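Take a look at the structure below.
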Amino acid sequence: MNDMGDGTKVVIIGAGPAGVAAGITVARYGLAATVIDEHDTSEAHSADMPPSISFRPHTLAWGLFPDNQVALYADERAESLAATAVVVATGGHERAVAFPGWTLPGVVNIGEVCGLARQPGGLAGKHVLIAGTGPFLLLAANEVLENGGEVAALVEARPSVAPVELVRKFADSTPTSDMNNPEEELRRRGVPIYCQSTILSAQGDAGITEAVVTQLRPNGQHDPDATERITCDLLCLHAGFCAAVELAQMVGCAVEYNVDSGGWHVRHDGEMRTSRDGVYVAGRVAGYAGHEISIASGRLAGLSVAHDLGAISAAEFTEALEREKATIDALRLSSCQINTYSAMESELSSTITPDTLLCPEEGVRAADIDLAISLGARSFNDIKRRTRCGMGESQAHICGPLVSAYVAHQTGVSVESVGLMTARPPIRPIPLIAVAALDQQLSQS
């Protein structure tokens, strides 16, 4: 085991805005830190991180255990780090939307489309249909147009698209002159906008060729008599984000459900401490949406770590604490607005048919979930035991929100009462031989 004899006491999981801000803050007070991310993030490279921060990209944190042991996997090798403090800033992932045909090639999340938009010629000649809810739809549609693609239509589940003020808060930057009003820009360029609508189904053989759009009634159910077919090469879906709470949940941190906080998130006090000693949270996993508030929460978590490890005086801590809390308070309303505007739960289930796949990785259909419900299953863990739902490679990242919303819809209970799948290591598949080698190393030490 690496006991971090190099002086590192703080491990930060996640190198997004919140994690990088936490790392820079603890370094400012003389603490060495290791920042870990499964990917190689732009935030980590663009930030002016001091030498006392060790950045480890392409490293999976696959487990978080008592006494703040962080299990890692990188370069075909597993290892364990022992930390005095751990900041969980694992961010989140896009919520999936299920309907007949949603697993066809060419049906993707908006993050993937934005990635294509940044590649030279990635969207050239593509007919892109954008659907779901929230401010991301407008931003993505304009990005597609600016990068050579054609937006076949924008389909918003709410009665109107996100207001321009909320779009600006979501973008966290001042719009360019031709983007002062993203909705007007789309209409000026002839993009059809369907409000209070959703995707009923997608069709195609080798990939999607068209989608059926349907209107939503005020109760969130779709109107089968109000439909329209739209031709497209790509169908891009976005229904908000889900916080990646698995690692915090694994170590025993309390989680809670609140729509204003984006659904499930890790419970924390006003200084970003969780219910577990030495474990802190920041960013989306703490229930915050938006770039600026994520950074502020990361700084606040870093401050609390520095204070709790005795690296900052009480007076300096109090002054800095008040400043960061004031920043978060000023941004809290916009964070709640982004979270609630992107909430889409009843609509997630309204277009599902018995044959619709809800867990593609395990081949679990809605009819299989219905059978489990008829046999008494009411929680996600019950559904998992009866159907294998959530046991695939993504470990319920894809199917978790879908199944929870569907069970709640079918049984009349709340999504909160359906609960989360129990988080167990590893949170992502890793080779057993690597785990065995780590176990042998730990036994010898």
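Ligands are numbered from 1 in the order shown, chains are lettered A, B, ... in the order of the structure tokens, and residues start at 1 in each chain.
The residue set within 8 Å of Leu137 (chain A), counting only C-alpha atoms and dropping same-chain residues fewer than 4 places from it, reads A:Ile110, A:Ile130, A:Ala131, A:Gly132, A:Thr133, A:Ala141, A:Leu154, A:Glu156, A:His238.
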**OP:** Mind checking which residues fall within 10 Å of Gly122 (chain A), counting only C-alpha atoms, ignoring those fewer than 4 positions away in the same chain, and posting them as a PyMOL selection string?
**Re:** chain A and resi 113-118+126+144+147-149
Subject >> Pick from A:Lys325, A:Glu210, A:Tyr406, A:Gly310, whichever lies nearest to Pro354 (chain A) using only C-alpha atoms >> reply: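 The answer is A:Tyr406, which sits nearest to Pro354 (chain A).
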Enumerate, in order of chain and increasing residue number, the residues of region 330-392 of chain A with an atom no farther than 8 Å from region 86-107 of chain A, each with its shortest atom pair and distance in Å to one decimal, counting only C-alpha atoms, as a Markdown table.
| residue | atom | partner | partner_atom | distance |
| --- | --- | --- | --- | --- |
| A:Leu348 | CA | A:Val97 | CA | 5.8 |
| A:Ser349 | CA | A:Ala98 | CA | 7.4 |
| A:Thr351 | CA | A:Phe99 | CA | 5.4 |
| A:Ile352 | CA | A:Phe99 | CA | 5.0 |
| A:Thr353 | CA | A:Pro100 | CA | 7.0 |
| A:Asp355 | CA | A:Pro100 | CA | 7.6 |
| A:Thr356 | CA | A:Pro100 | CA | 5.3 |
| A:Leu357 | CA | A:Ala98 | CA | 7.5 |
| A:Leu358 | CA | A:Ala98 | CA | 6.7 |
| A:Pro360 | CA | A:Thr103 | CA | 7.6 |
Using DSSP secondary structure from the backbone, list all strand (DSSP E or B) positions within region 85-160 of chain A, as a compact mmCIF listing (two decimals) with C-alpha atoms, in the first residue's frame.
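Listing of result-v2.txt after writing:
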# COMPACT_ATOMS: atom_id res chain seq x y z
CA ALA A 85 -9.08 13.60 3.76
CA VAL A 86 -10.97 12.75 0.58
CA VAL A 87 -12.91 15.22 -1.55
CA VAL A 88 -15.46 13.48 -3.77
CA GLY A 92 -22.43 13.32 -12.95
CA HIS A 93 -23.67 11.78 -16.17
CA GLU A 94 -26.53 12.50 -18.53
CA VAL A 107 -29.37 7.88 -30.85
CA VAL A 108 -26.90 9.61 -28.53
CA ASN A 109 -26.71 12.04 -25.66
CA HIS A 127 -29.45 16.20 -39.86
CA VAL A 128 -29.63 16.42 -36.08
CA LEU A 129 -32.82 16.17 -34.02
CA ILE A 130 -32.38 17.51 -30.48
CA ALA A 131 -34.86 16.48 -27.78
CA GLY A 132 -35.37 16.43 -24.03
CA GLU A 150 -28.39 20.98 -39.67
CA VAL A 151 -30.88 20.97 -36.80
CA ALA A 152 -33.94 19.07 -38.01
CA ALA A 153 -35.92 20.30 -34.99
CA LEU A 154 -35.68 21.03 -31.28
CA VAL A 155 -38.15 19.14 -29.07
CA GLU A 156 -38.66 20.52 -25.54
Original post:
In Å to one decimal, how far is CA of Glu79 (chain A) from CA of Phe55 (chain A)?
Top reply: 15.8 Å
Report the closest atom pair, with its distance in Å rounded to one decimal, for each residue of region 19-122 of chain A that has an atom no farther than 8 Å from region 422-435 of chain A; count only C-alpha atoms, sort by chain and then rising residue number, and write it as a Markdown table.
| residue | atom | partner | partner_atom | distance |
| --- | --- | --- | --- | --- |
| A:Trp62 | CA | A:Pro426 | CA | 4.8 |
| A:Gly63 | CA | A:Pro425 | CA | 5.3 |
| A:Tyr73 | CA | A:Ile430 | CA | 7.5 |
| A:Glu76 | CA | A:Ala434 | CA | 6.9 |
| A:Arg77 | CA | A:Ala434 | CA | 5.5 |
| A:Ala78 | CA | A:Ala434 | CA | 5.4 |
Write the residues of the preceding selection, restricted to N, CA, C and O atoms, as a compact mmCIF listing (two decimals), in the first residue's frame.
# COMPACT_ATOMS: atom_id res chain seq x y z
N TRP A 62 -12.04 3.16 -8.25
CA TRP A 62 -13.08 2.14 -8.32
C TRP A 62 -13.65 1.74 -6.97
O TRP A 62 -14.63 1.00 -6.89
N GLY A 63 -13.07 2.28 -5.90
CA GLY A 63 -13.59 1.97 -4.58
C GLY A 63 -13.17 3.01 -3.56
O GLY A 63 -12.09 3.61 -3.67
N TYR A 73 -7.26 2.18 -10.32
CA TYR A 73 -6.82 1.29 -11.39
C TYR A 73 -6.32 2.15 -12.54
O TYR A 73 -7.03 3.03 -13.04
N GLU A 76 -3.17 -0.92 -16.21
CA GLU A 76 -3.34 -2.35 -15.96
C GLU A 76 -2.88 -2.76 -14.56
O GLU A 76 -2.47 -3.91 -14.33
N ARG A 77 -2.98 -1.84 -13.63
CA ARG A 77 -2.52 -2.11 -12.27
C ARG A 77 -3.46 -1.47 -11.26
O ARG A 77 -3.90 -0.33 -11.44
N ALA A 78 -3.79 -2.22 -10.22
CA ALA A 78 -4.61 -1.69 -9.13
C ALA A 78 -3.72 -1.28 -7.97
O ALA A 78 -2.67 -1.89 -7.74
Please identify all polymer residues within 9 Å of Gly302 (chain A), counting only C-alpha atoms, omitting same-chain residues fewer than 6 positions from it, and present them as a compact mmCIF listing (two decimals) with C-alpha atoms, in the first residue's frame.
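Dumped everything to result.txt:
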# COMPACT_ATOMS: atom_id res chain seq x y z
CA ALA A 21 -10.74 24.23 -7.28
CA ALA A 22 -10.53 22.04 -4.17
CA GLY A 23 -6.99 20.97 -5.08
CA ILE A 24 -5.75 24.51 -5.68
CA THR A 25 -7.31 25.62 -2.39
CA VAL A 26 -5.70 22.93 -0.21
CA ALA A 27 -2.36 23.57 -1.95
CA VAL A 87 -12.91 15.22 -1.55
CA MET A 272 -19.14 20.55 2.44
CA TYR A 280 -16.07 16.03 1.71
Original post:
Quick one: DSSP helix (DSSP H, G or I) residues in region 20-218 of chain A, as number ranges by chain?
Top reply: A: 20-28, 42-46, 66-68, 110-117, 136-146, 164-171, 177-179, 182-188
Original post:
Do you know which residues are at most 10 Å from region 373-388 of chain A counting only C-alpha atoms, after dropping those on the same chain fewer than 5 positions away, and could you put them as a ChimeraX atom specification?
Top reply: /A:359,361-365,367-368,396,400-401,403-404,407-408,410-411,413,415-422
Would you put the residues from that selection into a file with C-alpha atoms, as a short mmCIF file (atom, residue, chain, number, x, y, z; two decimals), in the first residue's frame?
data_model
loop_
_atom_site.label_atom_id
_atom_site.label_comp_id
_atom_site.auth_asym_id
_atom_site.auth_seq_id
_atom_site.Cartn_x
_atom_site.Cartn_y
_atom_site.Cartn_z
CA CYS A 359 -31.43 -1.99 -19.19
CA GLU A 361 -26.65 -4.08 -21.07
CA GLU A 362 -28.61 -6.92 -19.46
CA GLY A 363 -31.46 -7.05 -21.99
CA VAL A 364 -34.11 -6.15 -19.42
CA ARG A 365 -37.40 -4.90 -20.93
CA ALA A 367 -42.28 -6.14 -19.30
CA ASP A 368 -39.60 -7.78 -17.14
CA ALA A 396 -26.82 1.32 -13.44
CA GLY A 400 -30.77 3.46 -12.89
CA PRO A 401 -32.79 6.67 -13.38
CA VAL A 403 -35.89 2.06 -13.94
CA SER A 404 -36.47 4.14 -10.80
CA VAL A 407 -41.15 1.74 -11.07
CA ALA A 408 -42.40 4.94 -9.43
CA GLN A 410 -46.09 2.02 -12.39
CA THR A 411 -46.60 1.74 -8.62
CA VAL A 413 -44.74 5.76 -5.27
CA VAL A 415 -38.65 8.01 -7.02
CA GLU A 416 -37.04 8.55 -3.63
CA SER A 417 -38.83 5.53 -2.13
CA VAL A 418 -37.61 3.32 -5.00
CA GLY A 419 -34.09 4.19 -3.87
CA LEU A 420 -30.66 3.69 -5.37
CA MET A 421 -28.84 0.49 -6.19
CA THR A 422 -26.43 -0.44 -3.43
#
**OP:** Report the distance between CA of Cys232 (chain A) and CA of Thr209 (chain A) in Å, rounded to one decimal place.
**Re:**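 According to the coordinates, CA of Cys232 (chain A) and CA of Thr209 (chain A) are separated by 5.4 Å.
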Subject >> Of the listed residues A:Ser443, A:Asn339, A:Ser350, A:Thr318, that which approaches Gln221 (chain A) most closely, counting only C-alpha atoms >> reply: A:Ser350
Original post:
Interatomic distance between CA of Val212 (chain A) and CA of Leu200 (chain A)?
Top reply: 5.4 Å
**OP:** Extract, using only C-alpha atoms, all DNA, RNA and protein residues at most 12 Å from Ala326 (chain A), discarding same-chain residues fewer than 3 positions from it, and format them as a list in words.
**Re:**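 That gives Gly270, Ile293, Ala296, Ser297, Leu300, Glu319, Ala320, Leu321, Glu322, Arg323, Asp329, Ala330, Leu331 and Arg332 of chain A.
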Would you mind exporting all heavy atoms of the selected residues as a compact mmCIF listing (two decimals), in the first residue's frame?
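Output file part.txt follows:
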# COMPACT_ATOMS: atom_id res chain seq x y z
N GLY A 270 -22.99 22.89 5.77
CA GLY A 270 -22.73 24.14 5.08
C GLY A 270 -21.29 24.35 4.70
O GLY A 270 -20.95 25.33 4.03
N ILE A 293 -20.79 27.85 -9.46
CA ILE A 293 -21.12 27.34 -8.13
C ILE A 293 -20.34 26.06 -7.85
O ILE A 293 -19.99 25.77 -6.69
CB ILE A 293 -22.64 27.11 -7.98
CG1 ILE A 293 -23.00 27.00 -6.48
CG2 ILE A 293 -23.12 25.90 -8.77
CD1 ILE A 293 -24.49 27.03 -6.22
N ALA A 296 -17.00 27.33 -6.65
CA ALA A 296 -17.12 27.87 -5.29
C ALA A 296 -17.25 26.74 -4.26
O ALA A 296 -16.65 26.80 -3.18
CB ALA A 296 -18.32 28.81 -5.21
N SER A 297 -18.02 25.71 -4.59
CA SER A 297 -18.17 24.59 -3.65
C SER A 297 -16.86 23.83 -3.51
O SER A 297 -16.55 23.30 -2.44
CB SER A 297 -19.29 23.66 -4.11
OG SER A 297 -18.94 22.96 -5.29
N LEU A 300 -14.75 25.84 -1.20
CA LEU A 300 -15.26 25.69 0.17
C LEU A 300 -14.86 24.34 0.75
O LEU A 300 -14.46 24.26 1.92
CB LEU A 300 -16.79 25.83 0.16
CG LEU A 300 -17.50 25.76 1.51
CD1 LEU A 300 -16.91 26.74 2.51
CD2 LEU A 300 -19.00 26.02 1.33
N GLU A 319 -12.97 34.07 7.74
CA GLU A 319 -13.08 35.11 6.71
C GLU A 319 -13.31 34.50 5.33
O GLU A 319 -14.19 34.92 4.58
CB GLU A 319 -11.81 35.96 6.70
CG GLU A 319 -11.84 37.08 5.66
CD GLU A 319 -10.55 37.88 5.63
OE1 GLU A 319 -9.69 37.68 6.53
OE2 GLU A 319 -10.39 38.70 4.71
N ALA A 320 -12.49 33.49 5.00
CA ALA A 320 -12.62 32.85 3.69
C ALA A 320 -13.94 32.09 3.58
O ALA A 320 -14.56 32.05 2.51
CB ALA A 320 -11.44 31.91 3.45
N LEU A 321 -14.36 31.49 4.67
CA LEU A 321 -15.61 30.72 4.69
C LEU A 321 -16.80 31.62 4.37
O LEU A 321 -17.67 31.26 3.56
CB LEU A 321 -15.79 30.08 6.07
CG LEU A 321 -17.03 29.22 6.29
CD1 LEU A 321 -16.94 27.95 5.46
CD2 LEU A 321 -17.18 28.88 7.77
N GLU A 322 -16.85 32.77 5.00
CA GLU A 322 -17.96 33.70 4.76
C GLU A 322 -17.98 34.14 3.30
O GLU A 322 -19.06 34.28 2.70
CB GLU A 322 -17.84 34.91 5.69
CG GLU A 322 -18.11 34.56 7.15
CD GLU A 322 -17.92 35.76 8.06
OE1 GLU A 322 -17.52 36.84 7.55
OE2 GLU A 322 -18.19 35.63 9.27
N ARG A 323 -16.81 34.34 2.72
CA ARG A 323 -16.73 34.78 1.33
C ARG A 323 -17.26 33.70 0.38
O ARG A 323 -18.05 33.98 -0.52
CB ARG A 323 -15.27 35.12 0.99
CG ARG A 323 -15.08 35.65 -0.43
CD ARG A 323 -13.67 36.15 -0.63
NE ARG A 323 -12.65 35.12 -0.42
CZ ARG A 323 -11.82 35.10 0.60
NH1 ARG A 323 -11.83 36.05 1.52
NH2 ARG A 323 -10.92 34.14 0.73
N ASP A 329 -24.37 31.21 -1.95
CA ASP A 329 -25.74 31.70 -1.71
C ASP A 329 -26.23 32.53 -2.90
O ASP A 329 -27.40 32.45 -3.29
CB ASP A 329 -25.79 32.53 -0.44
CG ASP A 329 -25.69 31.67 0.83
OD1 ASP A 329 -25.91 30.45 0.72
OD2 ASP A 329 -25.39 32.24 1.90
N ALA A 330 -25.33 33.33 -3.49
CA ALA A 330 -25.72 34.17 -4.62
C ALA A 330 -26.02 33.34 -5.86
O ALA A 330 -26.81 33.76 -6.72
CB ALA A 330 -24.60 35.17 -4.93
N LEU A 331 -25.43 32.16 -5.96
CA LEU A 331 -25.60 31.30 -7.14
C LEU A 331 -26.60 30.18 -6.92
O LEU A 331 -26.94 29.46 -7.86
CB LEU A 331 -24.25 30.70 -7.54
CG LEU A 331 -23.17 31.68 -7.99
CD1 LEU A 331 -21.81 30.99 -8.05
CD2 LEU A 331 -23.53 32.29 -9.34
N ARG A 332 -27.06 30.01 -5.68
CA ARG A 332 -27.91 28.87 -5.34
C ARG A 332 -29.22 28.85 -6.13
O ARG A 332 -29.67 27.80 -6.60
CB ARG A 332 -28.21 28.87 -3.83
CG ARG A 332 -28.79 27.55 -3.33
CD ARG A 332 -29.13 27.65 -1.84
NE ARG A 332 -27.98 28.05 -1.05
CZ ARG A 332 -27.06 27.20 -0.61
NH1 ARG A 332 -27.15 25.92 -0.92
NH2 ARG A 332 -26.05 27.63 0.12
Subject >> Shortest interatomic distance to Ala286 (chain A) - which of A:Ala306, A:Ala314, A:Leu237, A:Ala248, counting only C-alpha atoms >> reply: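 Among the listed residues, the smallest separation from Ala286 (chain A) belongs to A:Ala248.
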